[in-house]
Amino acid sequence: MPSARRAGSVYRRCECRGGDGKLLGNACPQLKKRAHGSVGLRQELPPDAEGKRRTFRRTGYGSVAEAQGDLSRLQAILSLPGDDVEEQRRVGDLLADIAARRASIPEISEVQRRLGVGVPLDGKATVGEWLDRWMAGKKTRTTTNAGYRSHIKVHLKPRVGHYRLDRLNVGHVQEMFDAIADESDTVRAENAARREQEQRAKWSRPGRPPAKERDRLAAERAKLAEMKPYRKTNGPATRHAIRRTLRTALNAAIAQQLITFNAAAHVELGSSARPKGLLWTAERVARWRETAVVPSPVMVWSPAQLGAFLDEAEDHRLYAFYHLIAHHGLRRGEGVGADWANVHLDVEPPRIDVLTEIVVDGWTPIETAPKTDSSMSAVMLDRETVAVLQEHRARQAAERAEHLKAGKKWTDTGKVFTTEGGSWLHPDTVSKEFKRIVETAGLPPINLRDLRHGAAALVKAGGGDIDDASKKLRHSTIVLTADTYMSLFQEYEQDLTERAAAAVPRARRGRGSAPAAGSIPRQGPRAASQPRDTE
């Protein structure tokens, strides 16, 4: 039955009782009086999930007008779902619960709002339920949604998902982030313990260990096998990212008028400064070889170290990819997703138009446009890179010819960098191959993304400044470049200063010798009359 035609009425009911405490009913002498009895209302509700009929009843009104007002509100609420049977049932559940609890009948606009977003109509929606509903309607980039889903699954739902959405407070959120930080401290300590145990279980001297040492190493390796594997920690940057996810979801709930306060916006997390880029100097390399500790999450090779890597990679079929990333700072997805149609090697100046990228959704590679407008721009190429790409194109054509000659299928994707069969390269493939080449070359470790950071360092080495680096890397703001690379530029500045000073030939005295007596002019107005050096 459509909700608009459900039966409802206002009535009077005699509640007079006799001496035995029982209702008098028709025996009440006051029945003939028009205003006698308590005013009540009755409204038929939609059937429950099992199809049983139910009725909303309420008495105790002071006047017929008051009861009629509530009845009109009930009927207006019942008309909200229209002919949607499922939504009618949800409204019926809400009103049946209100009748049982003698709670106030909600405002029509409040019920309508909750119907529209699919949350429980009684206001008991949990944070977890809202996060699921919020994610179901997200229209942002696939990779952005993947990050949201990861935060929700791993951190938000397990830790605060059980709280009612309208009762989530700053204390709940702060407790969650404190627990995440404590867990990271524990994981960090367990990782350090495993690293130390690996050193104890390793024979580092030449030759085979003696029998006594073999027994000790076996015992140490048994201990190592019982330890937890390395696990990833959640640093300040990750915690800030988790908070951004929760804050965005709660802002959406505020926009839907489900809540009025965003608890995530008032949590103290401390600084989330970007990790600073550091140069692999000789001292840092020596320290790393001794302790296996990498000084910073962002490490950059010197030009000589980069040259050693490129020399090692020169015979690899993806050499052109690494050369392009190292010299021109393309992101991994931009390099893998580059199309030959957007590579212009025969124009002046030669360039690559960055218009597509391949990223991973979970593990599945997908093609998308770069995230920001500043990323979608042209990258100018030097002559050496042009030659490298031309050689790569010839090699790819030869691969295609050999494939077809052997009767194998070639997938013509139009991508600059492909598998041996022409299909898309998985982004993780180039990362794994990069790591393998680095280990073979015996170089200090960096991530593939650090090649992009190294491109910024090459700008400085070539005489450019932070603004030039920002343009080279296609950052949306120079602040982003300065936050990451200023310390790296300062290190290069010191190196350039020393080399500039050493470029001046000196024959008068050797390095470290003291100046001759009287050779330093006195300061002051009489400096012009001071004797000159007569040596």
# chains A, B, ... in the order shown; residues from 1 in each chain; ligands from 1
>>> closest_atom_pairs(of="segment 18-60 of chain A", to="segment 65-71 of chain A", cutoff="9 Å", atoms="only C-alpha atoms", output="tab-separated table")
residue	atom	partner	partner_atom	distance
A:Val39	CA	A:Ala67	CA	7.0
A:Gly40	CA	A:Ala67	CA	6.4
A:Leu41	CA	A:Ala67	CA	6.3
A:Arg42	CA	A:Leu71	CA	7.9
A:Gln43	CA	A:Leu71	CA	7.3
A:Arg58	CA	A:Ala67	CA	8.6
A:Thr59	CA	A:Ala67	CA	8.3
A:Gly60	CA	A:Ala67	CA	8.9
>>> write_last_selection(atoms="C-alpha atoms", output="PDB file, in the first residue's frame")
ATOM      1  CA  VAL A  39      -6.331  12.306  23.083  1.00  0.00           C
ATOM      2  CA  GLY A  40      -4.287   9.787  21.089  1.00  0.00           C
ATOM      3  CA  LEU A  41      -3.324   8.922  17.519  1.00  0.00           C
ATOM      4  CA  ARG A  42      -3.035   5.788  15.480  1.00  0.00           C
ATOM      5  CA  GLN A  43      -1.080   5.378  12.226  1.00  0.00           C
ATOM      6  CA  ARG A  58       0.620   7.350  21.027  1.00  0.00           C
ATOM      7  CA  THR A  59      -1.646   8.845  23.709  1.00  0.00           C
ATOM      8  CA  GLY A  60      -1.432  11.565  26.316  1.00  0.00           C
TER       9      GLY A  60
END
>>> select_by_dssp(residues="segment 79-256 of chain A", states="alpha helix (DSSP H)", output="VMD selection string")
chain A and resid 79 85 to 101 108 to 117 127 to 136 142 to 151 157 to 160 170 to 200 211 to 226 236 to 255
>>> residues_around(residues="segment 30-36 of chain A", least_positions_apart="4", cutoff="8 Å", atoms="only C-alpha atoms", output="MDAnalysis selection string")
chainID A and resid 12 14 26
>>> write_last_selection(atoms="all heavy atoms", output="short mmCIF file (atom, residue, chain, number, x, y, z; two decimals), in the first residue's frame")
data_model
loop_
_atom_site.label_atom_id
_atom_site.label_comp_id
_atom_site.auth_asym_id
_atom_site.auth_seq_id
_atom_site.Cartn_x
_atom_site.Cartn_y
_atom_site.Cartn_z
N ARG A 12 -10.12 9.89 20.98
CA ARG A 12 -10.11 10.07 22.43
C ARG A 12 -10.31 8.72 23.10
O ARG A 12 -11.08 7.90 22.63
CB ARG A 12 -11.21 11.03 22.87
CG ARG A 12 -10.91 12.48 22.55
CD ARG A 12 -12.01 13.39 23.12
NE ARG A 12 -11.75 14.79 22.86
CZ ARG A 12 -10.97 15.56 23.62
NH1 ARG A 12 -10.43 15.04 24.71
NH2 ARG A 12 -10.77 16.83 23.31
N CYS A 14 -10.96 6.92 26.98
CA CYS A 14 -11.20 7.07 28.42
C CYS A 14 -10.20 6.22 29.19
O CYS A 14 -10.04 5.04 28.93
CB CYS A 14 -12.65 6.61 28.74
SG CYS A 14 -12.99 6.60 30.53
N ASN A 26 -16.89 1.37 29.03
CA ASN A 26 -18.22 1.90 28.75
C ASN A 26 -18.99 2.25 30.00
O ASN A 26 -20.02 2.94 29.93
CB ASN A 26 -19.02 0.90 27.91
CG ASN A 26 -18.43 0.73 26.52
OD1 ASN A 26 -17.81 1.66 26.00
ND2 ASN A 26 -18.63 -0.46 25.92
#
>>> residues_around(residues="segment 348-352 of chain A", least_positions_apart="6", cutoff="8 Å", atoms="only C-alpha atoms", output="ChimeraX atom specification")
/A:342,378-382,386
>>> write_last_selection(atoms="C-alpha atoms", output="mmCIF file, in the first residue's frame")
data_model
loop_
_atom_site.group_PDB
_atom_site.id
_atom_site.type_symbol
_atom_site.label_atom_id
_atom_site.label_comp_id
_atom_site.auth_asym_id
_atom_site.auth_seq_id
_atom_site.Cartn_x
_atom_site.Cartn_y
_atom_site.Cartn_z
ATOM 1 C CA ASN A 342 54.035 12.382 -28.011
ATOM 2 C CA ALA A 378 56.494 19.397 -22.426
ATOM 3 C CA VAL A 379 59.917 18.133 -21.303
ATOM 4 C CA MET A 380 62.794 19.465 -23.433
ATOM 5 C CA LEU A 381 65.455 16.919 -24.380
ATOM 6 C CA ASP A 382 69.204 17.229 -24.784
ATOM 7 C CA VAL A 386 67.613 12.244 -28.354
#
>>> closest_atom_pairs(of="segment 240-345 of chain A", to="segment 417-430 of chain A", cutoff="9 Å", atoms="only C-alpha atoms", output="Markdown table")
| residue | atom | partner | partner_atom | distance |
| --- | --- | --- | --- | --- |
| A:Leu318 | CA | A:Phe417 | CA | 7.4 |
| A:Ala320 | CA | A:Phe417 | CA | 8.6 |
| A:Phe321 | CA | A:Phe417 | CA | 7.1 |
| A:Tyr322 | CA | A:Val430 | CA | 8.7 |
| A:Arg332 | CA | A:Pro427 | CA | 6.8 |
| A:Gly333 | CA | A:Pro427 | CA | 6.5 |
| A:Gly335 | CA | A:Phe417 | CA | 7.7 |
| A:Val336 | CA | A:Phe417 | CA | 6.0 |
| A:Gly337 | CA | A:Phe417 | CA | 7.8 |
| A:Ala338 | CA | A:Phe417 | CA | 7.4 |
| A:Asp339 | CA | A:Phe417 | CA | 8.4 |
>>> write_last_selection(atoms="N, CA, C and O atoms", output="mmCIF file, in the first residue's frame")
data_model
loop_
_atom_site.group_PDB
_atom_site.id
_atom_site.type_symbol
_atom_site.label_atom_id
_atom_site.label_comp_id
_atom_site.auth_asym_id
_atom_site.auth_seq_id
_atom_site.Cartn_x
_atom_site.Cartn_y
_atom_site.Cartn_z
ATOM 1 N N LEU A 318 66.116 -1.715 -21.264
ATOM 2 C CA LEU A 318 65.413 -0.551 -20.732
ATOM 3 C C LEU A 318 66.370 0.591 -20.386
ATOM 4 O O LEU A 318 66.026 1.480 -19.624
ATOM 5 N N ALA A 320 67.290 3.109 -22.098
ATOM 6 C CA ALA A 320 66.760 4.429 -22.486
ATOM 7 C C ALA A 320 65.783 4.948 -21.437
ATOM 8 O O ALA A 320 65.712 6.161 -21.194
ATOM 9 N N PHE A 321 65.028 4.046 -20.816
ATOM 10 C CA PHE A 321 64.093 4.463 -19.766
ATOM 11 C C PHE A 321 64.853 5.095 -18.601
ATOM 12 O O PHE A 321 64.514 6.191 -18.131
ATOM 13 N N TYR A 322 65.881 4.408 -18.119
ATOM 14 C CA TYR A 322 66.634 4.922 -16.973
ATOM 15 C C TYR A 322 67.388 6.200 -17.336
ATOM 16 O O TYR A 322 67.496 7.112 -16.509
ATOM 17 N N ARG A 332 57.935 7.584 -12.638
ATOM 18 C CA ARG A 332 57.932 6.208 -13.157
ATOM 19 C C ARG A 332 56.737 5.968 -14.076
ATOM 20 O O ARG A 332 56.888 5.454 -15.184
ATOM 21 N N GLY A 333 55.539 6.346 -13.624
ATOM 22 C CA GLY A 333 54.339 6.124 -14.426
ATOM 23 C C GLY A 333 54.348 6.912 -15.712
ATOM 24 O O GLY A 333 53.827 6.456 -16.741
ATOM 25 N N GLY A 335 57.068 7.735 -17.431
ATOM 26 C CA GLY A 335 57.999 7.078 -18.347
ATOM 27 C C GLY A 335 57.397 5.829 -18.956
ATOM 28 O O GLY A 335 57.455 5.614 -20.171
ATOM 29 N N VAL A 336 56.785 4.977 -18.118
ATOM 30 C CA VAL A 336 56.180 3.741 -18.612
ATOM 31 C C VAL A 336 55.008 4.045 -19.545
ATOM 32 O O VAL A 336 54.751 3.314 -20.500
ATOM 33 N N GLY A 337 54.290 5.148 -19.275
ATOM 34 C CA GLY A 337 53.103 5.468 -20.061
ATOM 35 C C GLY A 337 53.357 6.344 -21.269
ATOM 36 O O GLY A 337 52.403 6.701 -21.977
ATOM 37 N N ALA A 338 54.611 6.709 -21.531
ATOM 38 C CA ALA A 338 54.913 7.606 -22.659
ATOM 39 C C ALA A 338 54.570 6.946 -23.991
ATOM 40 O O ALA A 338 54.852 5.762 -24.216
ATOM 41 N N ASP A 339 53.956 7.717 -24.894
ATOM 42 C CA ASP A 339 53.600 7.243 -26.236
ATOM 43 C C ASP A 339 54.565 7.833 -27.262
ATOM 44 O O ASP A 339 54.955 8.997 -27.170
#
>>> select_by_dssp(residues="segment 2-114 of chain A", states="strand (DSSP E or B)", output="ChimeraX atom specification")
/A:8-13,17,23,38-45,54-61
>>> atom_distance(atom1="atom CA of Gly329 of chain A", atom2="atom CA of Gly235 of chain A")
25.7 Å
